[in-house]
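**Q** Structure file structure.txt (compact mmCIF, C-alpha atoms) is given on the next line.
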```txt
# COMPACT_ATOMS: atom_id res chain seq x y z
CA MET A 1 0.00 0.00 0.00
CA GLU A 2 1.27 3.45 -1.00
CA GLU A 3 2.38 5.71 1.84
CA ARG A 4 0.43 8.96 2.17
CA LYS A 5 2.44 12.15 2.40
CA ASP A 6 1.39 14.84 4.83
CA TYR A 7 1.49 18.39 3.46
CA ALA A 8 1.31 21.46 5.68
CA PRO A 9 -2.13 23.03 5.31
CA PHE A 10 -2.30 26.27 3.32
CA GLU A 11 -2.70 29.21 5.64
CA MET A 12 -3.84 32.71 4.89
CA LYS A 13 -0.72 34.20 6.45
CA HIS A 14 1.34 32.55 3.69
CA PHE A 15 -0.85 34.18 1.08
CA TYR A 16 -0.45 37.60 2.71
CA GLY A 17 3.30 37.13 2.94
CA VAL A 18 3.63 36.24 -0.73
CA VAL A 19 1.52 39.22 -1.84
CA VAL A 20 3.47 41.68 0.31
CA PHE A 21 6.77 40.24 -0.91
CA LEU A 22 5.74 40.55 -4.57
CA LEU A 23 4.52 44.07 -3.91
CA ILE A 24 7.87 45.12 -2.47
CA ILE A 25 9.72 43.64 -5.46
CA LEU A 26 7.37 45.39 -7.89
CA ILE A 27 7.73 48.78 -6.22
CA GLY A 28 11.50 48.38 -6.13
CA MET A 29 11.64 47.58 -9.83
CA LEU A 30 9.39 50.47 -10.79
CA SER A 31 11.18 53.09 -8.79
CA TYR A 32 14.76 51.95 -9.42
CA ASN A 33 16.58 53.76 -12.18
CA SER A 34 20.33 53.93 -11.79
CA ASN A 35 20.73 56.39 -14.66
CA ALA A 36 17.96 58.74 -13.68
CA PRO A 37 18.90 62.28 -14.66
CA HIS A 38 19.43 64.73 -11.84
CA TYR A 39 18.99 67.96 -13.72
CA VAL A 40 17.66 70.93 -11.84
CA LYS A 41 17.31 72.87 -15.09
CA ASN A 42 15.11 71.57 -17.87
CA PRO A 43 16.50 71.80 -21.44
CA SER A 44 14.77 75.13 -22.13
CA GLU A 45 16.15 76.68 -18.94
CA SER A 46 19.57 75.30 -19.76
CA LEU A 47 19.41 76.83 -23.24
CA VAL A 48 18.38 80.24 -21.92
CA HIS A 49 21.20 80.03 -19.39
CA ILE A 50 23.89 79.43 -22.00
CA ILE A 51 22.50 81.86 -24.55
CA ASP A 52 22.68 84.58 -21.93
CA SER A 53 26.35 83.64 -21.52
CA ALA A 54 25.71 83.39 -17.82
CA GLY A 55 28.82 82.27 -16.00
CA LEU A 56 31.16 83.27 -18.82
CA LEU A 57 34.38 84.93 -17.67
CA HIS A 58 36.30 87.10 -20.11
CA ALA A 59 40.05 86.92 -20.60
CA THR A 60 40.60 90.28 -18.91
CA GLN A 61 38.68 89.09 -15.84
CA MET A 62 40.78 85.95 -15.77
CA ALA A 63 43.95 88.03 -15.98
CA GLU A 64 42.77 90.18 -13.08
CA ILE A 65 42.01 87.12 -10.95
CA LEU A 66 45.42 85.62 -11.65
CA TYR A 67 47.42 88.82 -11.13
CA LEU A 68 45.58 89.70 -7.93
CA GLU A 69 45.81 86.08 -6.77
CA ASP A 70 42.18 86.37 -5.79
CA SER A 71 41.52 83.61 -3.25
CA LEU A 72 37.80 83.78 -3.88
CA TYR A 73 38.35 81.81 -7.07
CA GLN A 74 39.62 78.30 -7.69
CA ILE A 75 40.67 77.18 -11.14
CA VAL A 76 39.78 73.65 -12.18
CA ASP A 77 41.81 72.23 -15.06
CA LEU A 78 39.75 69.66 -16.96
CA ARG A 79 42.56 68.17 -19.00
CA LYS A 80 44.07 64.73 -18.60
CA PRO A 81 46.69 64.47 -15.81
CA LYS A 82 49.60 64.03 -18.27
CA PHE A 83 48.85 67.44 -19.83
CA PHE A 84 48.29 69.01 -16.44
CA LEU A 85 51.64 67.73 -15.18
CA ASN A 86 53.36 69.02 -18.28
CA ASN A 87 52.09 72.56 -17.87
CA HIS A 88 49.41 74.18 -15.78
CA ILE A 89 48.20 77.42 -14.24
CA GLU A 90 49.76 77.87 -10.83
CA GLY A 91 47.36 76.98 -8.04
CA SER A 92 44.91 75.20 -10.33
CA ILE A 93 43.36 71.85 -9.42
CA ASN A 94 43.25 68.99 -11.88
CA ILE A 95 39.90 67.24 -12.20
CA PRO A 96 39.73 65.54 -15.60
CA ILE A 97 36.41 66.09 -17.34
CA GLY A 98 35.59 62.38 -17.18
CA ARG A 99 35.55 62.57 -13.38
CA ILE A 100 33.89 65.95 -12.97
CA LEU A 101 30.68 64.43 -11.61
CA ASP A 102 32.36 61.97 -9.25
CA LYS A 103 31.04 62.20 -5.72
CA GLU A 104 34.52 62.69 -4.31
CA PHE A 105 34.75 66.08 -6.03
CA LEU A 106 31.26 67.26 -5.10
CA HIS A 107 32.43 69.25 -2.09
CA VAL A 108 35.23 70.81 -4.15
CA LEU A 109 33.06 71.92 -7.06
CA ASN A 110 29.75 72.64 -5.37
CA GLN A 111 30.47 75.12 -2.64
CA GLU A 112 29.53 78.56 -1.43
CA GLU A 113 32.98 79.71 -0.29
CA LYS A 114 34.76 79.67 -3.62
CA ILE A 115 33.89 80.41 -7.21
CA THR A 116 35.06 77.66 -9.54
CA ILE A 117 36.46 78.50 -12.97
CA LEU A 118 36.41 75.60 -15.42
CA ILE A 119 39.10 75.57 -18.06
CA GLY A 120 40.31 72.86 -20.40
CA SER A 121 42.29 72.21 -23.52
CA ARG A 122 39.59 73.98 -25.52
CA SER A 123 36.49 76.01 -24.82
CA SER A 124 34.15 73.26 -26.00
CA GLU A 125 35.50 70.95 -23.30
CA SER A 126 35.00 73.59 -20.63
CA VAL A 127 31.48 74.48 -21.73
CA ILE A 128 30.30 70.86 -21.80
CA ALA A 129 31.52 70.39 -18.21
CA TYR A 130 30.01 73.74 -17.26
CA MET A 131 26.59 72.90 -18.68
CA MET A 132 26.47 69.57 -16.88
CA LEU A 133 27.48 71.06 -13.52
CA ALA A 134 25.20 74.09 -13.85
CA ASP A 135 22.27 71.94 -14.96
CA GLU A 136 22.86 69.65 -11.98
CA GLY A 137 22.58 72.66 -9.71
CA TYR A 138 26.22 73.15 -8.69
CA ALA A 139 26.74 76.60 -7.23
CA ASN A 140 29.24 79.28 -8.26
CA ILE A 141 30.54 77.75 -11.46
CA ARG A 142 32.15 79.87 -14.19
CA VAL A 143 33.51 79.00 -17.59
CA VAL A 144 35.91 80.57 -20.07
CA ALA A 145 35.97 80.73 -23.86
CA PHE A 146 39.69 80.04 -24.12
CA SER A 147 42.15 77.28 -23.31
CA VAL A 148 44.82 76.64 -20.69
CA ASP A 149 47.41 77.21 -23.44
CA PHE A 150 45.97 80.67 -24.08
CA VAL A 151 46.23 81.56 -20.39
CA MET A 152 49.83 80.38 -20.25
CA SER A 153 50.91 82.28 -23.35
CA ASN A 154 48.74 85.41 -23.16
CA ILE A 155 48.25 85.98 -19.45
CA VAL A 156 50.96 84.19 -17.49
CA GLU A 157 53.98 84.69 -19.77
CA LYS A 158 52.92 88.14 -20.97
CA TYR A 159 49.95 90.44 -20.52
CA ALA A 160 47.99 90.18 -23.75
CA PRO A 161 44.54 88.91 -22.78
CA LEU A 162 42.86 90.52 -25.75
CA SER A 163 45.06 89.07 -28.43
CA GLY A 164 45.05 85.60 -29.95
CA ARG A 165 42.24 83.17 -29.17
CA TYR A 166 40.77 84.92 -26.15
CA ASP A 167 37.34 83.98 -27.44
CA GLU A 168 37.44 80.79 -29.47
CA GLU A 169 33.96 81.41 -30.81
CA ARG A 170 34.94 84.76 -32.31
CA THR A 171 35.12 84.90 -36.10
CA VAL A 172 38.80 85.09 -36.94
CA TYR A 173 38.40 85.28 -40.72
CA ASP A 174 36.06 86.73 -43.27
CA TYR A 175 35.32 83.24 -44.48
CA ALA A 176 33.75 84.09 -47.82
CA ARG A 177 36.58 86.47 -48.64
CA VAL A 178 39.28 83.98 -47.70
CA ILE A 179 37.64 81.34 -49.86
CA SER A 180 37.32 83.70 -52.81
CA GLU A 181 40.95 84.77 -52.40
CA THR A 182 41.99 81.13 -52.37
CA GLY A 183 40.31 80.74 -55.74
CA GLY A 184 36.70 80.27 -54.77
CA SER A 185 35.80 78.03 -57.65
CA THR A 186 33.28 75.95 -55.74
CA ILE A 187 32.10 78.22 -52.95
CA SER A 188 31.92 81.93 -53.36
CA SER A 189 29.99 84.57 -51.50
CA GLU A 190 27.42 84.54 -54.26
CA THR A 191 26.82 80.82 -54.26
CA VAL A 192 26.76 80.74 -50.49
CA LYS A 193 24.08 83.38 -50.42
CA SER A 194 21.98 81.53 -52.91
CA ASN A 195 22.43 78.32 -50.90
CA ALA A 196 21.37 80.07 -47.74
CA LYS A 197 18.18 81.30 -49.33
CA LYS A 198 17.45 77.83 -50.52
CA ILE A 199 18.02 76.11 -47.18
CA ALA A 200 16.60 78.59 -44.70
CA PRO A 201 12.94 78.14 -45.66
CA VAL A 202 13.06 74.44 -44.79
CA LYS A 203 12.08 75.26 -41.25
CA LYS A 204 9.39 77.72 -42.26
CA LYS A 205 7.88 75.16 -44.57
CA LYS A 206 7.87 72.53 -41.85
CA LYS A 207 6.34 74.87 -39.32
CA ALA A 208 3.72 75.98 -41.77
CA GLU A 209 2.79 72.40 -42.50
CA GLU A 210 2.41 71.61 -38.86
CA GLU A 211 0.35 74.67 -38.16
CA GLU A 212 -2.04 74.02 -40.99
CA GLY A 213 -3.36 70.59 -40.00
CA GLY A 214 -7.06 69.85 -39.96
CA CYS A 215 -9.35 69.46 -42.90
CA MET B 1 -16.22 30.82 8.68
CA ALA B 2 -15.04 30.27 5.08
CA GLN B 3 -17.04 33.31 4.00
CA ASN B 4 -15.32 35.40 6.65
CA LYS B 5 -11.95 34.28 5.35
CA GLN B 6 -12.92 35.23 1.80
CA ILE B 7 -14.00 38.71 2.90
CA LYS B 8 -10.68 39.14 4.69
CA VAL B 9 -8.82 38.28 1.49
CA TYR B 10 -10.82 40.82 -0.52
CA VAL B 11 -10.21 43.54 2.07
CA PHE B 12 -6.53 42.72 2.10
CA LEU B 13 -6.23 42.79 -1.68
CA THR B 14 -8.16 46.07 -1.87
CA ALA B 15 -5.79 47.60 0.67
CA VAL B 16 -2.78 46.32 -1.27
CA PHE B 17 -3.99 47.86 -4.54
CA MET B 18 -4.79 51.14 -2.84
CA VAL B 19 -1.28 51.30 -1.40
CA LEU B 20 0.13 50.40 -4.81
CA GLY B 21 -1.88 53.18 -6.46
CA ILE B 22 -0.67 55.76 -3.96
CA ILE B 23 2.95 54.68 -4.46
CA MET B 24 2.58 54.88 -8.25
CA ILE B 25 1.62 58.55 -7.89
CA PHE B 26 4.97 59.30 -6.28
CA ILE B 27 7.12 57.34 -8.73
CA PRO B 28 9.10 59.80 -10.92
CA ASP B 29 7.55 60.84 -14.19
CA LYS B 30 8.71 58.64 -17.05
CA GLU B 31 9.20 61.81 -19.12
CA VAL B 32 12.57 62.42 -17.50
CA GLU B 33 13.82 59.15 -18.94
CA LYS B 34 13.69 60.79 -22.33
CA GLU B 35 16.86 62.53 -21.25
CA VAL B 36 20.35 61.15 -20.87
CA SER B 37 21.87 61.58 -17.42
CA PRO B 38 24.75 64.06 -16.96
CA HIS B 39 27.10 61.14 -16.23
CA VAL B 40 26.33 59.57 -19.58
CA VAL B 41 26.79 62.87 -21.45
CA ILE B 42 30.20 63.31 -19.85
CA LYS B 43 31.06 59.68 -20.57
CA ILE B 44 30.23 60.04 -24.26
CA TYR B 45 32.39 63.15 -24.47
CA ASN B 46 35.23 61.62 -22.51
CA HIS B 47 35.39 58.57 -24.75
CA GLY B 48 36.41 60.85 -27.59
CA ASN B 49 33.18 60.36 -29.48
CA ALA B 50 32.20 63.99 -29.74
CA TYR B 51 34.34 65.44 -32.52
CA TYR B 52 34.71 65.12 -36.24
CA THR B 53 37.90 66.60 -37.61
CA THR B 54 37.93 69.04 -40.49
CA ASP B 55 39.76 66.39 -42.54
CA GLN B 56 37.04 63.82 -41.93
CA VAL B 57 34.30 66.27 -42.86
CA ALA B 58 36.18 67.49 -45.94
CA LYS B 59 36.64 63.89 -47.08
CA LEU B 60 32.95 63.11 -46.68
CA ILE B 61 31.94 66.23 -48.62
CA MET B 62 34.43 65.56 -51.39
CA ASP B 63 33.26 61.96 -51.66
CA GLY B 64 29.68 63.18 -51.85
CA ASN B 65 28.88 60.79 -49.02
CA PRO B 66 25.17 61.15 -48.23
CA ILE B 67 25.73 59.98 -44.66
CA LEU B 68 26.93 63.45 -43.68
CA GLN B 69 24.53 66.12 -42.50
CA LEU B 70 26.10 69.45 -41.59
CA VAL B 71 24.24 71.71 -39.21
CA ASP B 72 25.33 75.31 -38.82
CA VAL B 73 24.28 76.37 -35.32
CA ARG B 74 25.25 80.02 -35.76
CA SER B 75 22.77 82.82 -36.33
CA GLU B 76 20.89 83.17 -39.61
CA GLU B 77 22.88 86.30 -40.35
CA GLU B 78 26.23 84.54 -40.01
CA PHE B 79 24.92 81.58 -41.97
CA SER B 80 23.80 83.81 -44.83
CA LYS B 81 27.31 85.24 -45.12
CA PHE B 82 29.04 81.89 -45.29
CA SER B 83 28.26 78.25 -44.76
CA LEU B 84 29.74 74.89 -45.59
CA LYS B 85 28.46 73.03 -48.60
CA ASN B 86 24.96 71.59 -48.13
CA ALA B 87 24.77 72.71 -44.51
CA ILE B 88 21.43 73.54 -42.97
CA ASN B 89 20.99 76.32 -40.46
CA ILE B 90 19.55 75.57 -37.02
CA PRO B 91 20.58 78.45 -34.77
CA LEU B 92 21.35 77.33 -31.23
CA GLU B 93 18.50 79.49 -29.95
CA GLU B 94 16.02 77.44 -32.01
CA LEU B 95 17.52 74.00 -31.49
CA ILE B 96 14.90 72.72 -29.07
CA ASP B 97 11.90 74.68 -30.31
CA LYS B 98 8.71 72.68 -30.13
CA ASP B 99 5.59 72.75 -32.26
CA LYS B 100 2.06 72.94 -30.95
CA LYS B 101 1.97 69.19 -30.42
CA GLY B 102 5.03 69.36 -28.22
CA ASN B 103 7.36 67.72 -30.73
CA TYR B 104 10.78 69.14 -31.47
CA VAL B 105 10.58 71.18 -34.65
CA TRP B 106 13.99 69.97 -35.83
CA ARG B 107 13.50 66.38 -34.72
CA ASP B 108 13.63 64.95 -38.25
CA TYR B 109 16.94 66.68 -38.88
CA LEU B 110 18.44 65.73 -35.54
CA LYS B 111 17.33 62.11 -35.58
CA PRO B 112 17.65 61.15 -39.21
CA GLU B 113 18.04 57.60 -40.39
CA LYS B 114 21.59 56.48 -41.21
CA LYS B 115 23.08 59.97 -40.95
CA ILE B 116 25.94 61.53 -39.10
CA THR B 117 25.11 65.02 -37.96
CA VAL B 118 28.00 67.40 -37.46
CA PHE B 119 27.31 70.68 -35.67
CA TYR B 120 29.60 73.56 -36.47
CA SER B 121 30.08 77.18 -35.45
CA ASN B 122 32.93 79.70 -35.70
CA GLY B 123 35.00 77.93 -33.03
CA ASP B 124 33.54 74.89 -31.40
CA MET B 125 32.02 76.37 -28.25
CA THR B 126 28.56 77.10 -29.66
CA ALA B 127 28.57 73.74 -31.43
CA ALA B 128 29.50 72.10 -28.11
CA LYS B 129 26.54 73.79 -26.41
CA ALA B 130 24.25 72.44 -29.12
CA TRP B 131 25.88 69.00 -28.87
CA THR B 132 25.39 68.88 -25.10
CA LEU B 133 21.71 69.75 -25.35
CA ALA B 134 21.11 67.37 -28.24
CA THR B 135 22.94 64.53 -26.50
CA ARG B 136 21.00 65.16 -23.32
CA LEU B 137 17.79 64.87 -25.35
CA ARG B 138 18.90 61.55 -26.83
CA PHE B 139 19.50 62.79 -30.36
CA GLU B 140 22.07 60.30 -31.59
CA ASN B 141 25.05 60.38 -33.94
CA ILE B 142 25.69 64.06 -33.29
CA PHE B 143 29.21 65.42 -33.47
CA ILE B 144 31.08 68.71 -33.21
CA LEU B 145 33.30 70.02 -36.00
CA ASP B 146 36.68 70.18 -34.31
CA GLY B 147 37.74 73.82 -34.13
CA GLY B 148 34.80 75.00 -36.22
CA LEU B 149 35.05 77.25 -39.25
CA ASN B 150 38.18 79.01 -37.99
CA ASN B 151 39.93 75.65 -37.99
CA TRP B 152 38.35 74.80 -41.34
CA ILE B 153 40.08 77.80 -42.89
CA GLU B 154 43.40 77.03 -41.19
CA THR B 155 43.50 73.34 -42.06
CA ILE B 156 41.47 72.86 -45.21
CA ILE B 157 41.48 76.17 -47.04
CA LYS B 158 44.93 77.40 -46.04
CA PRO B 159 46.89 74.31 -45.01
CA VAL B 160 50.35 74.91 -43.63
CA GLU B 161 53.19 72.84 -45.03
CA PRO B 162 54.82 70.65 -42.36
CA GLN B 163 58.31 71.59 -41.26
CA ALA B 164 60.84 69.40 -42.99
CA THR B 165 62.88 68.80 -39.86
CA THR B 166 60.09 67.44 -37.69
CA ALA B 167 57.45 66.19 -40.11
CA THR B 168 56.54 62.52 -40.38
CA PRO B 169 55.35 60.83 -43.58
CA GLU B 170 51.86 60.91 -42.11
CA ASP B 171 52.10 64.69 -41.73
CA TYR B 172 52.93 64.94 -45.42
CA ASN B 173 50.04 62.67 -46.32
CA VAL B 174 47.68 64.87 -44.38
CA TYR B 175 49.16 67.96 -46.04
CA GLN B 176 48.75 66.47 -49.51
CA PHE B 177 45.12 65.71 -48.77
CA ARG B 178 44.52 69.20 -47.46
CA LYS B 179 46.04 70.77 -50.53
CA ALA B 180 43.67 68.77 -52.66
CA ALA B 181 40.80 69.72 -50.38
CA SER B 182 41.83 73.37 -50.62
CA MET B 183 41.61 73.13 -54.37
CA TYR B 184 38.19 71.48 -54.13
CA PHE B 185 36.72 73.97 -51.68
CA GLY B 186 38.61 77.10 -52.56
CA GLY B 187 40.11 76.48 -55.97
CA ALA B 188 43.81 76.45 -55.08
CA THR B 189 46.31 75.31 -57.66
CA ALA B 190 47.49 72.10 -56.06
CA ASN B 191 47.34 68.97 -58.13
CA VAL B 192 47.00 66.11 -55.70
CA ALA B 193 44.54 63.28 -55.40
CA PRO B 194 42.41 63.38 -52.24
CA THR B 195 43.18 59.90 -51.07
CA SER B 196 45.65 60.20 -48.25
CA VAL B 197 43.52 60.79 -45.20
CA LYS B 198 42.00 57.68 -43.77
CA SER B 199 38.33 58.10 -43.27
CA THR B 200 37.28 57.10 -39.80
CA VAL B 201 33.64 57.52 -40.44
CA LYS B 202 31.55 55.34 -38.23
CA LYS B 203 28.69 53.91 -40.16
CA THR B 204 26.41 53.99 -37.19
CA VAL B 205 22.79 53.32 -37.83
CA VAL B 206 20.29 55.54 -36.16
CA LYS B 207 17.17 53.73 -35.13
CA LYS B 208 14.28 55.57 -36.60
CA LYS B 209 11.33 56.13 -34.36
CA LYS B 210 8.08 55.67 -36.12
CA ASP B 211 6.07 57.38 -33.48
CA VAL B 212 5.99 60.63 -35.34
CA GLU B 213 2.71 62.21 -35.98
CA GLU B 214 1.32 60.94 -39.24
CA GLU B 215 0.09 64.14 -40.70
CA GLY B 216 -2.41 64.80 -43.36
CA GLY B 217 -5.50 62.90 -44.33
CA CYS B 218 -8.93 63.50 -43.00
```
What does the file become when written as structure tokens?
**A**
Amino acid sequence: MEERKDYAPFEMKHFYGVVVFLLIILIGMLSYNSNAPHYVKNPSESLVHIIDSAGLLHATQMAEILYLEDSLYQIVDLRKPKFFLNNHIEGSINIPIGRILDKEFLHVLNQEEKITILIGSRSSESVIAYMMLADEGYANIRVVAFSVDFVMSNIVEKYAPLSGRYDEERTVYDYARVISETGGSTISSETVKSNAKKIAPVKKKKKAEEEEGGC
Amino acid sequence: MAQNKQIKVYVFLTAVFMVLGIIMIFIPDKEVEKEVSPHVVIKIYNHGNAYYTTDQVAKLIMDGNPILQLVDVRSEEEFSKFSLKNAINIPLEELIDKDKKGNYVWRDYLKPEKKITVFYSNGDMTAAKAWTLATRLRFENIFILDGGLNNWIETIIKPVEPQATTATPEDYNVYQFRKAASMYFGGATANVAPTSVKSTVKKTVVKKKKDVEEEGGC
């Protein structure tokens, strides 16, 4: 004769336990997002902020800070350590851009006591770091439109903050003229203008289409 | 007795779902996931995936490669004075404009299928601002023209001959290419074939979202 097995009777407390356990797992999964953005500025606010050139320090201001050895400011060099070791602004701190958001540097970069000036090998590097820190809500961050090399050659070695690439976004050449002087067989001022007229309405057309809608 | 037990279960389940509903209200809005976190933006930049050199762009234009889409992020006024071949103008100020439906006006240009989008400005600061915003908003395959138009003039239009004492064969190859490019873009007198610069174009495929508003039709 087959032996009968005894099973523990199902109890309601088991049911409750299972439901609560599943609920906790579900809530955890829904709310967990390791890469959740932490922006305090939405994209539109961020855009307005950078268009206004808020936080942008000019070369003459930088020169003044360096010559006066103003302790209110700290300069953060965003370049890789090998470049920093090779040549750097005296008193600057090296935090490579890849580590700018590391928690260990939070107290250095986000503080009320000092104003942080971000500078890198190029202005684009500095502005990317600046936008990320500013959009994350870091306080007292400034950025420059020139490089460490510019500071070394035009501020540290000699006083010429308004010569050379003190603003990397500044137009250095009359592009159309340079092209035409070089020969200008494929792009001249005239052809560029006609191209511009042709391309610019793309947006207007698109907007118009979207606005029309309906029947 | 059994009926009592059943009622208890219903009450319990009702309570559980009510708690669940309340918790759901406080879970962060999924909208924010449409953005890339600051850490990821910095990571993308730091991995050296943000720039296209003037040589790479010149090569793509000269080859007539349709994969390239140039976006001039300067003002309309600057664009009207000079622009690179086949570039479109999306001033930085208008980059994230939305239409009445809440869609980005330039979405189709910033998320095109099988295209590489290269932002450029006079230097590369304005282009970097545009790149940062676009990357944050998950527009993919966006790059910055290294050094912008100023660098374009210095490297492509007016290339400088390498110094004989320090130059490597690679430097001369690059110079030969640039002379040819200068002739192509500016009509210089060099007579060299544009084959020396290795193209490092990544043929990345952009996944096209088909969630766009299907317009038209009644």
**Q** Work out how far apart CA of Asn46 in chain B and CA of Ala58 in chain B are and give it in Å to one decimal.
**A**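 Separation of CA of Asn46 in chain B and CA of Ala58 in chain B: 24.2 Å.
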**Q** Name all residues at most 6 Å from range 89-105 of chain B (count all atoms listed in the file; drop same-chain ones fewer than 6 positions away) and give them as number ranges by chain.
**A** B: 71-75
**Q** Pick out the closest residue to chain B from this set: A:Lys158, A:His58, A:Arg99, A:Arg142. Count all atoms listed in the file.
**A**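 When distances to chain B are compared using all atoms listed in the file, the smallest one comes from A:Arg99.
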**Q** If you measure from CA of Ile65 in chain A to CA of Ala128 in chain B, what distance in Å do you get, rounded to one decimal?
**A**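 Going from CA of Ile65 in chain A over to CA of Ala128 in chain B, I get 26.0 Å.
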**Q** Could you please give me, as a ChimeraX atom specification, the residues of protein, DNA or RNA lying at most 10 Å from (27.7, 78.9, -42.8) in the coordinate frame of the file, considering all atoms listed in the file?
**A** /A:175-176,192-193,195-196 /B:70-89,120-122,149
**Q** Between CA of Lys158 in chain B and CA of Asp171 in chain B, what is the distance, to one decimal in Å?
**A**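 Separation between CA of Lys158 in chain B and CA of Asp171 in chain B: 15.2 Å.
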